[in-house]
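Engineer: Supplied structure: work_34.tsv, TSV, C-alpha atoms.
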chain	number	residue	atom	x	y	z
A	1	MET	CA	-1.01	25.11	-13.65
A	2	SER	CA	-0.07	21.74	-15.07
A	3	HIS	CA	-2.91	20.04	-16.86
A	4	GLN	CA	-4.33	17.13	-14.96
A	5	LYS	CA	-4.64	13.68	-16.57
A	6	GLN	CA	-8.20	12.79	-17.28
A	7	GLN	CA	-9.15	9.84	-15.09
A	8	ARG	CA	-11.33	7.27	-16.72
A	9	ARG	CA	-12.82	4.19	-15.10
A	10	SER	CA	-12.27	0.94	-16.94
A	11	ASP	CA	-15.34	-0.66	-18.44
A	12	PRO	CA	-16.79	-2.94	-15.72
A	13	ARG	CA	-17.85	-5.44	-18.36
A	14	LEU	CA	-14.26	-6.01	-19.38
A	15	LYS	CA	-13.17	-7.01	-15.87
A	16	GLN	CA	-11.85	-10.54	-15.50
A	17	CYS	CA	-12.91	-12.76	-12.63
A	18	PRO	CA	-9.89	-13.07	-10.29
A	19	PHE	CA	-10.91	-16.61	-9.35
A	20	CYS	CA	-11.37	-17.74	-12.94
A	21	GLU	CA	-7.86	-16.54	-13.73
A	22	LYS	CA	-6.51	-18.88	-11.07
A	23	ASP	CA	-8.96	-21.58	-12.14
A	24	ALA	CA	-10.30	-21.95	-8.59
A	25	GLN	CA	-12.55	-24.95	-7.98
A	26	TYR	CA	-13.39	-24.11	-4.39
A	27	ILE	CA	-12.98	-21.15	-2.09
A	28	ASP	CA	-11.83	-22.22	1.34
A	29	TRP	CA	-13.51	-20.50	4.28
A	30	LYS	CA	-10.25	-20.78	6.24
A	31	ASP	CA	-8.30	-18.76	3.70
A	32	TYR	CA	-8.61	-15.24	5.08
A	33	PRO	CA	-6.10	-13.52	2.75
A	34	ILE	CA	-8.06	-14.68	-0.31
A	35	MET	CA	-11.43	-13.49	0.97
A	36	LYS	CA	-10.17	-10.20	2.37
A	37	PRO	CA	-10.21	-8.09	-0.82
A	38	PHE	CA	-13.87	-8.99	-1.44
A	39	ILE	CA	-15.07	-7.67	1.91
A	40	ASP	CA	-15.51	-3.99	2.64
A	41	TYR	CA	-14.77	-2.08	5.84
A	42	PHE	CA	-18.10	-2.94	7.41
A	43	GLY	CA	-17.72	-6.66	6.78
A	44	ASN	CA	-20.14	-6.84	3.88
A	45	ILE	CA	-19.36	-8.82	0.76
A	46	ARG	CA	-18.48	-6.48	-2.11
A	47	GLN	CA	-20.82	-6.51	-5.07
A	48	ARG	CA	-19.95	-8.46	-8.15
A	49	TYR	CA	-20.24	-5.29	-10.22
A	50	TYR	CA	-17.28	-3.71	-8.44
A	51	THR	CA	-15.01	-6.74	-8.04
A	52	GLY	CA	-15.68	-8.46	-11.35
A	53	VAL	CA	-16.21	-11.89	-9.80
A	54	CYS	CA	-18.29	-14.25	-11.92
A	55	LEU	CA	-21.57	-15.61	-10.58
A	56	LYS	CA	-20.22	-19.10	-9.97
A	57	HIS	CA	-17.37	-17.84	-7.83
A	58	GLN	CA	-19.50	-15.21	-6.10
A	59	LYS	CA	-21.73	-18.01	-4.82
A	60	MET	CA	-18.67	-19.92	-3.59
A	61	LEU	CA	-17.37	-16.76	-1.98
A	62	LYS	CA	-20.69	-16.22	-0.24
A	63	THR	CA	-20.67	-19.65	1.39
A	64	ALA	CA	-17.02	-19.25	2.36
A	65	VAL	CA	-17.62	-15.86	3.96
A	66	GLU	CA	-20.70	-17.08	5.77
A	67	ARG	CA	-18.81	-20.03	7.20
A	68	ALA	CA	-15.94	-17.77	8.25
A	69	ARG	CA	-18.43	-15.42	9.90
A	70	PHE	CA	-20.00	-18.24	11.86
A	71	MET	CA	-16.58	-19.42	13.00
A	72	CYS	CA	-15.74	-15.90	14.19
A	73	MET	CA	-12.98	-15.27	11.67
A	74	LEU	CA	-14.87	-12.44	10.01
A	75	ALA	CA	-17.20	-9.93	11.58
A	76	TYR	CA	-20.88	-9.88	10.70
A	77	ARG	CA	-20.93	-6.13	11.22
A	78	LYS	CA	-18.08	-3.85	12.14
B	1	MET	CA	0.01	-31.15	0.22
B	2	PRO	CA	-1.78	-34.38	1.02
B	3	LEU	CA	-4.81	-35.29	-1.01
B	4	LEU	CA	-7.75	-36.77	0.84
B	5	ALA	CA	-9.57	-39.84	-0.35
B	6	PRO	CA	-12.06	-41.99	1.58
B	7	SER	CA	-10.83	-45.46	2.44
B	8	SER	CA	-14.01	-47.22	1.25
B	9	GLU	CA	-17.16	-46.38	-0.66
B	10	ASP	CA	-19.34	-46.20	2.46
B	11	THR	CA	-17.31	-43.48	4.12
B	12	ARG	CA	-16.65	-39.86	3.38
B	13	VAL	CA	-14.04	-37.32	4.40
B	14	TYR	CA	-15.32	-34.55	6.66
B	15	GLU	CA	-13.60	-31.46	7.88
B	16	ILE	CA	-14.45	-30.76	11.50
B	17	THR	CA	-13.37	-27.44	12.95
B	18	VAL	CA	-13.67	-26.62	16.61
B	19	LEU	CA	-13.28	-23.25	18.26
B	20	TYR	CA	-12.48	-23.16	21.97
B	21	PRO	CA	-11.49	-20.18	24.11
B	22	ALA	CA	-7.81	-19.31	24.55
B	23	SER	CA	-8.21	-18.29	28.17
B	24	ILE	CA	-8.81	-21.82	29.50
B	25	SER	CA	-5.97	-23.72	31.16
B	26	GLN	CA	-3.88	-26.30	29.32
B	27	LYS	CA	-5.49	-29.13	31.25
B	28	GLU	CA	-8.95	-28.08	30.16
B	29	GLU	CA	-7.73	-27.60	26.61
B	30	GLN	CA	-6.36	-31.12	26.46
B	31	GLN	CA	-9.56	-32.41	27.99
B	32	VAL	CA	-11.61	-30.76	25.27
B	33	LEU	CA	-9.44	-32.23	22.53
B	34	LYS	CA	-9.50	-35.66	24.15
B	35	GLU	CA	-13.27	-35.58	24.43
B	36	ILE	CA	-13.60	-34.75	20.77
B	37	GLU	CA	-11.23	-37.52	19.77
B	38	GLU	CA	-13.06	-40.04	21.94
B	39	LEU	CA	-16.37	-38.96	20.51
B	40	LEU	CA	-15.14	-39.56	16.98
B	41	LYS	CA	-13.54	-42.85	17.94
B	42	GLU	CA	-16.95	-44.02	19.11
B	43	ALA	CA	-18.33	-43.12	15.69
B	44	ASP	CA	-15.67	-45.29	13.99
B	45	ALA	CA	-14.01	-42.29	12.41
B	46	LYS	CA	-10.44	-42.37	11.20
B	47	LEU	CA	-8.26	-39.33	11.70
B	48	MET	CA	-6.51	-38.30	8.48
B	49	GLU	CA	-5.09	-34.87	9.11
B	50	LYS	CA	-4.91	-32.49	12.01
B	51	ASP	CA	-4.16	-28.79	12.06
B	52	THR	CA	-4.13	-26.67	15.21
B	53	TRP	CA	-3.94	-22.96	14.55
B	54	GLY	CA	-3.02	-21.66	17.95
B	55	LYS	CA	-4.23	-18.44	19.49
B	56	ARG	CA	-6.21	-16.12	17.26
B	57	GLY	CA	-8.20	-13.00	17.91
B	58	LEU	CA	-11.93	-13.34	17.32
B	59	ALA	CA	-13.87	-11.01	15.07
B	60	TYR	CA	-16.58	-10.60	17.73
B	61	ASN	CA	-16.97	-11.70	21.32
B	62	ILE	CA	-18.51	-15.08	22.04
B	63	GLY	CA	-19.57	-15.60	25.63
B	64	GLY	CA	-17.19	-12.90	26.78
B	65	HIS	CA	-14.18	-14.42	25.03
B	66	SER	CA	-12.25	-12.29	22.60
B	67	GLU	CA	-9.51	-14.81	21.78
B	68	GLY	CA	-9.79	-18.39	20.73
B	69	ASN	CA	-8.00	-21.48	19.50
B	70	TYR	CA	-8.95	-23.29	16.33
B	71	ALA	CA	-8.43	-26.96	15.67
B	72	VAL	CA	-9.14	-28.49	12.27
B	73	PHE	CA	-9.54	-32.27	11.88
B	74	TYR	CA	-10.06	-34.30	8.77
B	75	TYR	CA	-11.97	-37.46	9.55
B	76	ASP	CA	-12.95	-40.36	7.37
B	77	MET	CA	-16.32	-41.55	8.64
B	78	ASP	CA	-19.71	-42.97	7.90
B	79	PRO	CA	-22.21	-40.29	6.78
B	80	SER	CA	-25.02	-41.86	8.87
B	81	LYS	CA	-23.17	-41.04	12.07
B	82	LEU	CA	-22.65	-37.42	11.19
B	83	LYS	CA	-25.77	-36.23	12.95
B	84	GLU	CA	-24.77	-37.86	16.23
B	85	VAL	CA	-21.33	-36.31	16.09
B	86	ASP	CA	-22.77	-32.92	15.29
B	87	GLU	CA	-25.16	-33.04	18.23
B	88	ALA	CA	-22.52	-34.40	20.60
B	89	LEU	CA	-20.08	-31.64	19.67
B	90	ARG	CA	-22.68	-29.09	20.69
B	91	ILE	CA	-22.86	-30.56	24.19
B	92	ILE	CA	-19.11	-30.64	24.94
B	93	PRO	CA	-18.27	-27.85	27.40
B	94	ASN	CA	-15.74	-25.18	26.45
B	95	VAL	CA	-16.49	-25.53	22.74
B	96	LEU	CA	-17.65	-22.17	21.46
B	97	ARG	CA	-18.32	-23.11	17.85
B	98	HIS	CA	-17.96	-26.12	15.65
B	99	LEU	CA	-18.38	-26.55	11.93
B	100	ILE	CA	-18.54	-29.70	9.85
B	101	VAL	CA	-17.84	-29.22	6.16
B	102	LYS	CA	-17.72	-31.72	3.36
B	103	PRO	CA	-14.64	-30.84	1.31
B	104	PRO	CA	-15.09	-31.01	-2.46
B	105	LYS	CA	-13.56	-33.68	-4.67
B	106	GLY	CA	-9.83	-33.39	-5.06
B	107	TYR	CA	-9.50	-31.07	-2.08
B	108	GLN	CA	-5.93	-30.64	-0.96
B	109	VAL	CA	-5.30	-30.03	2.71
B	110	VAL	CA	-3.60	-26.73	3.34
B	111	LYS	CA	-2.00	-26.17	6.70
B	112	PHE	CA	-3.44	-22.79	7.47
B	113	SER	CA	-1.46	-22.47	10.68
B	114	GLU	CA	1.69	-22.07	8.57
B	115	GLU	CA	-0.06	-20.27	5.73
B	116	TYR	CA	-1.37	-17.61	8.07
B	117	GLU	CA	2.08	-16.82	9.48
B	118	ARG	CA	3.50	-16.57	5.99
B	119	TRP	CA	0.69	-14.24	5.02
B	120	LEU	CA	1.35	-12.06	8.06
B	121	LYS	CA	4.95	-11.63	6.91
B	122	THR	CA	4.01	-10.77	3.32
B	123	ARG	CA	1.33	-8.42	4.56
B	124	GLU	CA	3.95	-6.43	6.45
B	125	THR	CA	5.95	-6.03	3.26
B	126	ASP	CA	2.75	-4.93	1.53
B	127	ALA	CA	2.28	-2.22	4.13
B	128	GLU	CA	5.89	-1.13	3.66
B	129	ARG	CA	5.44	-0.99	-0.09
B	130	LYS	CA	2.35	1.16	0.31
B	131	ARG	CA	4.24	3.54	2.58
B	132	ARG	CA	7.10	3.74	0.10
B	133	GLU	CA	4.72	4.50	-2.78
B	134	LYS	CA	3.09	7.19	-0.70
B	135	GLU	CA	6.45	8.78	0.06
B	136	GLU	CA	7.46	8.65	-3.59
B	137	ALA	CA	4.22	10.35	-4.61
B	138	LEU	CA	4.81	13.03	-1.99
B	139	GLN	CA	8.37	13.63	-3.18
B	140	LYS	CA	7.17	13.90	-6.74
B	141	ARG	CA	4.57	16.43	-5.69
B	142	VAL	CA	7.20	18.48	-3.84
B	143	ALA	CA	9.51	18.40	-6.86
B	144	ASP	CA	6.67	19.48	-9.14
B	145	LYS	CA	5.84	22.32	-6.81
B	146	ALA	CA	9.46	23.49	-6.77
B	147	LYS	CA	9.59	23.38	-10.54
B	148	ARG	CA	6.37	25.32	-10.79
B	149	GLN	CA	7.67	27.93	-8.36
B	150	VAL	CA	10.86	28.36	-10.38
B	151	LYS	CA	8.77	28.73	-13.52
B	152	ARG	CA	6.51	31.28	-11.88
B	153	ALA	CA	9.51	33.25	-10.59
B	154	THR	CA	11.02	33.52	-14.08
B	155	GLU	CA	7.63	34.55	-15.49
B	156	GLN	CA	7.29	37.24	-12.85
B	157	LYS	CA	10.74	38.60	-13.69
B	158	LYS	CA	9.74	38.82	-17.32
B	159	ASP	CA	6.56	40.61	-16.31
B	160	ILE	CA	8.53	43.10	-14.25
B	161	VAL	CA	10.84	43.80	-17.17
B	162	GLU	CA	7.88	44.26	-19.46
B	163	LYS	CA	6.12	46.44	-16.90
B	164	ILE	CA	9.11	48.72	-16.52
B	165	THR	CA	9.43	49.55	-20.18
B	166	PRO	CA	5.87	50.86	-20.81
B	167	ILE	CA	6.14	53.16	-17.80
B	168	GLU	CA	9.33	54.60	-19.17
B	169	GLU	CA	7.66	55.09	-22.53
B	170	GLU	CA	4.80	56.96	-20.87
B	171	LYS	CA	7.24	59.09	-18.97
B	172	LEU	CA	9.09	59.83	-22.17
B	173	THR	CA	5.93	60.90	-23.93
B	174	GLN	CA	4.92	63.04	-20.97
B	175	GLU	CA	8.31	64.74	-20.90
B	176	LEU	CA	8.21	65.24	-24.60
B	177	GLU	CA	4.79	66.81	-24.39
B	178	LYS	CA	6.04	69.05	-21.58
B	179	ILE	CA	8.91	70.17	-23.75
B	180	ILE	CA	6.63	70.72	-26.68
B	181	SER	CA	4.07	72.63	-24.66
B	182	ASP	CA	6.74	74.69	-22.94
B	183	ASP	CA	6.39	78.28	-24.04
B	184	GLU	CA	9.72	79.45	-22.75
B	185	ILE	CA	11.63	77.60	-25.39
B	186	THR	CA	11.69	79.52	-28.59
B	187	LEU	CA	13.19	78.18	-31.64
Represent the structure from my file as structure tokens, please.
Structural biologist:
Amino acid sequence: MSHQKQQRRSDPRLKQCPFCEKDAQYIDWKDYPIMKPFIDYFGNIRQRYYTGVCLKHQKMLKTAVERARFMCMLAYRK
Amino acid sequence: MPLLAPSSEDTRVYEITVLYPASISQKEEQQVLKEIEELLKEADAKLMEKDTWGKRGLAYNIGGHSEGNYAVFYYDMDPSKLKEVDEALRIIPNVLRHLIVKPPKGYQVVKFSEEYERWLKTRETDAERKRREKEEALQKRVADKAKRQVKRATEQKKDIVEKITPIEEEKLTQELEKIISDDEITL
């Protein structure tokens, strides 16, 4: 059989914050496409460890998602 | 994209979003919007931008409604009157939810009604791309399998060839032994 490539996970510490790369000052709660990748199937916010978001932007993301949840754009629990 | 700035030092820009059900008639819808505008006129607020999103599905049911309309207003108004507006918005019938947010400094208004449609289009292409990648991976796997099968077939042929020869050798030795052990042959 052909030898399989050894899969290796990248070092989580080396991940770059996707919001810092864009130099985001504010995360808009109305911007669904931006928030979508940071929410899992059940509607929970993904952990910083897995997404690589910095603490500053994670806090912004949290407020944005909570506002979107209140305004019925995102589900609290799927 | 327009940039928002308060007209004087005493006022601030607020973003007021209202969610009302999509199932109500047009008359009622206009009434709701008119009531909101009147309410803000009383509070000496100045309308700066307006963005109506149209019909959208809701993430969960509110009061039996599964579809709603969003309307986003940007008002320049006195912060002391915010509480009154907030409480009055709660009383207006046919308003499911409302949210008042203070946009940060240098906030640029994005028309999400257009942005959302654009995103829907790009998202479709994303889905297509995913499908294409999946198909490519599958084709690659099939090709690999075919290659492997060809390889195995050639190996098996070699094995058969190799297997045949030792048997013949054994037979030869057996026959030779027979000849040797045969008593009838006298030299």
Engineer: If we count all atoms listed in the file, what is near stretch 62-76 of chain A at a cut-off of 7 Å, once residues fewer than 6 positions away on the same chain are taken out, given as a PyMOL selection string?
Structural biologist: (chain A and resi 27-30+43) or (chain B and resi 58-60+97)
Engineer: Rounded to one decimal place, report the atom CA of B:Lys140-atom CA of B:Lys158 distance in Å.
Structural biologist: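 Atom-to-atom, atom CA of B:Lys140 and atom CA of B:Lys158 are spaced 27.2 Å apart.
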Engineer: Quick one: of B:Val85, B:Ala22, B:Val109, B:Ile36, who's nearest to B:Glu49, counting only C-alpha atoms?
Structural biologist: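 Nearest candidate to B:Glu49 out of B:Val85, B:Ala22, B:Val109, B:Ile36: B:Val109.
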Engineer: Between B:Val32, B:Ala88, B:Leu19, B:Ile167, which has the minimum distance to chain A (counting only C-alpha atoms)?
Structural biologist: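 Checking each candidate against chain A, we get B:Leu19 as the closest.
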Engineer: Can you work out the spacing between atom CA of B:Ile100 and atom CA of B:Glu87 in Å, to one decimal?
Structural biologist: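 Atom-to-atom, atom CA of B:Ile100 to atom CA of B:Glu87, that is 11.2 Å.
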Engineer: Which residues of chain B come within 9 Å of chain A, and what is each one's closest atom pair and distance in Å (one decimal), counting all atoms listed in the file, sorted by chain and residue number, as a tab-separated table?
Structural biologist:
residue	atom	partner	partner_atom	distance
B:Thr17	CA	A:Met71	CA	8.6
B:Val18	CA	A:Met71	CA	8.6
B:Leu19	CA	A:Met71	CA	7.3
B:Arg56	CA	A:Met73	CA	8.8
B:Gly57	CA	A:Met73	CA	8.2
B:Leu58	CA	A:Cys72	CA	5.6
B:Ala59	CA	A:Ala75	CA	4.9
B:Tyr60	CA	A:Ala75	CA	6.2
B:Asn61	CA	A:Cys72	CA	8.4
B:Ile62	CA	A:Cys72	CA	8.4
B:Leu96	CA	A:Met71	CA	9.0
B:Arg97	CA	A:Met71	CA	6.3
B:His98	CA	A:Met71	CA	7.3
B:Leu99	CA	A:Met71	CA	7.4
B:Pro103	CA	A:Tyr26	CA	8.9
B:Pro104	CA	A:Tyr26	CA	7.4
B:Tyr107	CA	A:Tyr26	CA	8.3
B:Phe112	CA	A:Lys30	CA	7.2
B:Glu115	CA	A:Asp31	CA	8.6
B:Tyr116	CA	A:Tyr32	CA	8.2
B:Trp119	CA	A:Pro33	CA	7.2
B:Arg148	CA	A:Met1	CA	7.9
Engineer: Mind dumping the selected residues with C-alpha atoms as a PDB file, in the frame of the given file?
Structural biologist:
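Contents of result-v5.pdb, freshly written:
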ATOM      1  CA  THR B  17     -13.370 -27.440  12.950  1.00  0.00           C
ATOM      2  CA  VAL B  18     -13.670 -26.620  16.610  1.00  0.00           C
ATOM      3  CA  LEU B  19     -13.280 -23.250  18.260  1.00  0.00           C
ATOM      4  CA  ARG B  56      -6.210 -16.120  17.260  1.00  0.00           C
ATOM      5  CA  GLY B  57      -8.200 -13.000  17.910  1.00  0.00           C
ATOM      6  CA  LEU B  58     -11.930 -13.340  17.320  1.00  0.00           C
ATOM      7  CA  ALA B  59     -13.870 -11.010  15.070  1.00  0.00           C
ATOM      8  CA  TYR B  60     -16.580 -10.600  17.730  1.00  0.00           C
ATOM      9  CA  ASN B  61     -16.970 -11.700  21.320  1.00  0.00           C
ATOM     10  CA  ILE B  62     -18.510 -15.080  22.040  1.00  0.00           C
ATOM     11  CA  LEU B  96     -17.650 -22.170  21.460  1.00  0.00           C
ATOM     12  CA  ARG B  97     -18.320 -23.110  17.850  1.00  0.00           C
ATOM     13  CA  HIS B  98     -17.960 -26.120  15.650  1.00  0.00           C
ATOM     14  CA  LEU B  99     -18.380 -26.550  11.930  1.00  0.00           C
ATOM     15  CA  PRO B 103     -14.640 -30.840   1.310  1.00  0.00           C
ATOM     16  CA  PRO B 104     -15.090 -31.010  -2.460  1.00  0.00           C
ATOM     17  CA  TYR B 107      -9.500 -31.070  -2.080  1.00  0.00           C
ATOM     18  CA  PHE B 112      -3.440 -22.790   7.470  1.00  0.00           C
ATOM     19  CA  GLU B 115      -0.060 -20.270   5.730  1.00  0.00           C
ATOM     20  CA  TYR B 116      -1.370 -17.610   8.070  1.00  0.00           C
ATOM     21  CA  TRP B 119       0.690 -14.240   5.020  1.00  0.00           C
ATOM     22  CA  ARG B 148       6.370  25.320 -10.790  1.00  0.00           C
TER      23      ARG B 148
END
Engineer: What does the distance between atom CA of A:Ala24 and atom CA of B:Glu15 come to in Å, to one decimal place?
Structural biologist: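 According to the coordinates, atom CA of A:Ala24 and atom CA of B:Glu15 are separated by 19.3 Å.
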Engineer: Which is closer to A:Gln58 than all the others in A:Gln6, A:Glu21, A:Asn44, A:Phe38, using all atoms listed in the file?
Structural biologist: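 Result for the nearest residue to A:Gln58: A:Phe38.
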Engineer: Build an axis-aligned box that encloses every atom of stretch 169-180 of chain B listed in the file, pad it by 3 Å on each side, and report its centre and edge lengths in Å to one decimal, as lines of an AutoDock Vina configuration file.
Structural biologist:
center_x = 6.9
center_y = 62.9
center_z = -22.8
size_x = 10.3
size_y = 21.6
size_z = 13.7
Engineer: Got a sec: who's within 12 Å of B:Ser7, counting all atoms listed in the file, leaving out chain neighbours fewer than 3 positions off, as a PyMOL selection string?
Structural biologist: chain B and resi 4+10-13+45-48+75-78
Engineer: So which one's closest to A:Leu55, A:Phe42, A:Cys20, A:Gln7, A:Leu14? Using all atoms listed in the file, please.
Structural biologist: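 Looking only at the distances to A:Leu55, the closest residue turns out to be A:Cys20.
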Engineer: Name the closest residue to A:Leu61 among the candidates A:Arg8, A:Lys22, A:Lys15, A:Lys36; distances are taken between atoms, counting only C-alpha atoms.
Structural biologist: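 Of A:Arg8, A:Lys22, A:Lys15, A:Lys36, the one nearest A:Leu61 is A:Lys36, counting only C-alpha atoms.
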Engineer: What's the 12 Å shell around B:Ile24, counting all atoms listed in the file, without same-chain residues fewer than 6 positions away, as a list in words?
Structural biologist: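 My list of contacting residues is Gln30, Gln31, Val32, Lys55, His65, Glu67, Gly68, Asn69, Pro93, Asn94, Val95 and Leu96 of chain B.
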Engineer: Check the smallest atom-to-atom distance from each of A:Ile39, A:Ile45, A:Phe19, A:Ile34 to A:His57 using only C-alpha atoms, then report the winner.
Structural biologist: A:Phe19
